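A.B. asks: Quick one: the structure is below, and I'll ask about it shortly.
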Amino acid sequence: MNAQKIRSKYLEFYKKQGHAVVERAPLILTNDPTTLFTGAGMQPMIPYLLGEAHPEGKRIADSQTCLRAQDIDDIGDNRHTTFFEMLGNWSLGDYFKEEQIGWMWTFLTEEIGLDPQRLYVTCFIGAGRYNIEKDVEAAKFGQKKFAEKGIDAKMADIGSEEQGAARGVNPGERIFFYDGSKNWWSRNGGPETTPVGDPCGPDSEMFYEFDFILSMIQNLLKIVIRNCDCGRFMEIGNNVFMAYKKVAEGQFEPLDKPNIDHGSGLERIAAAVNNDPDVFKISLLWPIIEKLQDLSGKDYASHTESMRVIADHLRAATFMAVDGCVPSNKEQGYVMRRLLRRAIRYSFDLGIEQNFLEEVVPTIADLYEADFPEVKDNRG
């Protein structure tokens, strides 16, 4: 199943659950001066998560394009991209934890066919200093879904990522409780750094365990815990239970109407469906790699980093152009210029010195214009 099909199945699935499917917001939000780009699927939804009525109702779904320029130095590994799509759905004071956890489990295991034996979950361990309880409720809903597939999912208290790395994993453990550095959602980290006035809350992340990495390390006595950046487990989705608002430093109040904010990275889910942790081998990126191989006469295996950087940066710059950005020496234009310069530098590593953008950008447009009419409209 390719990424385009996963996107359409997700939107259709949530439409069946009563959600209005809305168009993506532009990468550059004119009504949010606090950030250069739309960096999260929920960013355009903040007014509605705070209580403003959405014109399409209380249940919303979309596939939101996002750009995180702060990740630019991570590009080159098998899973980071500056540009990505976030499959999202929201409950604006309507359904809450049980429905969302059940629907996402159904989507992952039945709609797109992920093996439940490869799935793991993290939840929030609580923050006593802020009177925020451990999220046992979400964990139990997840445990119930595992049980329906014949899996006895044991729970484990972890705390920080460092504590998890030292502890390791015991047999049968599938649900792990982490502190606010990992399982608390706000626009700026854990409870202590959540901006005053922002909605926030515990989250429950879903992870997929990859086959070949498992076989490499199955005999190790200790492994890095699920919520790591080691490559064995890849986060494929996050259910945010937006139940609080930070009203002052150290003070949180329950929202009158709790919200669901869910986001799943399309590229990472597609990698999980492929059972290959290299997101650059999915249907929205591999054709770009193939084009680079054709132009350079070099292969991906021996020039992996260069091809990944180029594919990511040109895909990002293409969508920035679609949304009206042009290279310049400040703000969004400077980021676009930096992406293009880095892509060109790496193209020299491949020996491509002529007709670079003219050859590659049409390949990117071909991948998106059927699903995003604005790409076709702005192709020139």
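Going through the structure tokens in order, the chains are called A, B, and so on, while each chain numbers its residues from 1 and the ligands are numbered from 1 in the order shown.
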Step one, run DSSP on the backbone; step two, keep only residues of stretch 69-135 of chain A assigned to strand (DSSP E); then write them as a PDB file with N, CA and C atoms, in the first residue's frame.

C.D. replies:
```
ATOM      1  N   PHE A  83      10.268  18.463   5.770  1.00  0.00           N
ATOM      2  CA  PHE A  83       8.895  18.559   5.270  1.00  0.00           C
ATOM      3  C   PHE A  83       8.211  17.214   5.465  1.00  0.00           C
ATOM      4  N   PHE A  84       6.971  17.243   5.935  1.00  0.00           N
ATOM      5  CA  PHE A  84       6.230  16.002   6.116  1.00  0.00           C
ATOM      6  C   PHE A  84       4.738  16.310   6.138  1.00  0.00           C
ATOM      7  N   GLU A  85       3.951  15.273   5.984  1.00  0.00           N
ATOM      8  CA  GLU A  85       2.502  15.391   6.121  1.00  0.00           C
ATOM      9  C   GLU A  85       2.063  14.782   7.437  1.00  0.00           C
ATOM     10  N   MET A  86       1.177  15.482   8.129  1.00  0.00           N
ATOM     11  CA  MET A  86       0.636  14.984   9.379  1.00  0.00           C
ATOM     12  C   MET A  86      -0.839  14.654   9.181  1.00  0.00           C
ATOM     13  N   LEU A  87      -1.150  13.364   9.265  1.00  0.00           N
ATOM     14  CA  LEU A  87      -2.537  12.938   9.242  1.00  0.00           C
ATOM     15  C   LEU A  87      -3.145  13.284  10.595  1.00  0.00           C
ATOM     16  N   GLY A  88      -4.185  14.101  10.596  1.00  0.00           N
ATOM     17  CA  GLY A  88      -4.710  14.571  11.871  1.00  0.00           C
ATOM     18  C   GLY A  88      -6.207  14.449  11.987  1.00  0.00           C
ATOM     19  N   ASN A  89      -6.655  14.269  13.224  1.00  0.00           N
ATOM     20  CA  ASN A  89      -8.087  14.381  13.515  1.00  0.00           C
ATOM     21  C   ASN A  89      -8.260  15.022  14.875  1.00  0.00           C
ATOM     22  N   TRP A  90      -9.362  15.731  15.021  1.00  0.00           N
ATOM     23  CA  TRP A  90      -9.615  16.500  16.239  1.00  0.00           C
ATOM     24  C   TRP A  90     -11.047  16.302  16.710  1.00  0.00           C
ATOM     25  N   SER A  91     -11.163  16.208  18.016  1.00  0.00           N
ATOM     26  CA  SER A  91     -12.459  16.304  18.679  1.00  0.00           C
ATOM     27  C   SER A  91     -12.453  17.606  19.459  1.00  0.00           C
ATOM     28  N   LEU A  92     -13.349  18.494  19.115  1.00  0.00           N
ATOM     29  CA  LEU A  92     -13.415  19.802  19.764  1.00  0.00           C
ATOM     30  C   LEU A  92     -14.534  19.769  20.800  1.00  0.00           C
ATOM     31  N   LEU A 119       3.399  -3.324  17.663  1.00  0.00           N
ATOM     32  CA  LEU A 119       2.978  -2.030  18.181  1.00  0.00           C
ATOM     33  C   LEU A 119       3.266  -1.904  19.679  1.00  0.00           C
ATOM     34  N   TYR A 120       3.649  -0.697  20.086  1.00  0.00           N
ATOM     35  CA  TYR A 120       3.931  -0.376  21.481  1.00  0.00           C
ATOM     36  C   TYR A 120       3.370   1.013  21.764  1.00  0.00           C
ATOM     37  N   VAL A 121       3.115   1.289  23.037  1.00  0.00           N
ATOM     38  CA  VAL A 121       2.431   2.521  23.419  1.00  0.00           C
ATOM     39  C   VAL A 121       3.141   3.157  24.610  1.00  0.00           C
ATOM     40  N   THR A 122       3.188   4.477  24.614  1.00  0.00           N
ATOM     41  CA  THR A 122       3.668   5.201  25.793  1.00  0.00           C
ATOM     42  C   THR A 122       2.566   6.116  26.309  1.00  0.00           C
ATOM     43  N   CYS A 123       2.575   6.360  27.626  1.00  0.00           N
ATOM     44  CA  CYS A 123       1.601   7.231  28.275  1.00  0.00           C
ATOM     45  C   CYS A 123       2.311   8.125  29.288  1.00  0.00           C
ATOM     46  N   PHE A 124       1.586   9.071  29.847  1.00  0.00           N
ATOM     47  CA  PHE A 124       2.145  10.063  30.766  1.00  0.00           C
ATOM     48  C   PHE A 124       2.149   9.539  32.196  1.00  0.00           C
TER      49      PHE A 124
END
```

A.B. asks: Quick one: residues within 8 Å of A:Ala156, only C-alpha atoms, excluding same-chain residues fewer than 6 positions away - as a PyMOL selection string?

C.D. replies: chain A and resi 173-177

A.B. asks: Neighbouring residues of A:Tyr346 were defined as those with any atom within 12 Å, considering only C-alpha atoms; residues of the same chain fewer than 3 positions away were excluded. Please report them as a list in words.

C.D. replies: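 Here the qualifying residues turn out to be Gly76, Leu292, Ser296, His303, Thr304, Glu305, Ser306, Met307, Arg308, Val309, Ile310, Ala311, Asp312, His313, Leu314, Leu339, Leu340, Arg341, Arg342, Ala343, Asp349, Leu350, Gly351, Ile352, Glu353 and Phe356 of chain A.
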
A.B. asks: Find the residues around A:Glu235 up to 12 Å (only C-alpha atoms counted), leave out those fewer than 5 positions away in its own chain, and share them as JSON, numbers by chain.

C.D. replies: {"A": [79, 80, 118, 119, 120, 121, 122, 182, 204, 205, 206, 207, 208, 209, 210, 226, 227, 228, 229, 230, 263, 264, 265, 266, 267, 268, 269, 270, 271, 272, 277]}

A.B. asks: How far is it from atom CA of A:Asn131 to atom CA of A:Arg187, in Å with one decimal?

C.D. replies: 20.3 Å
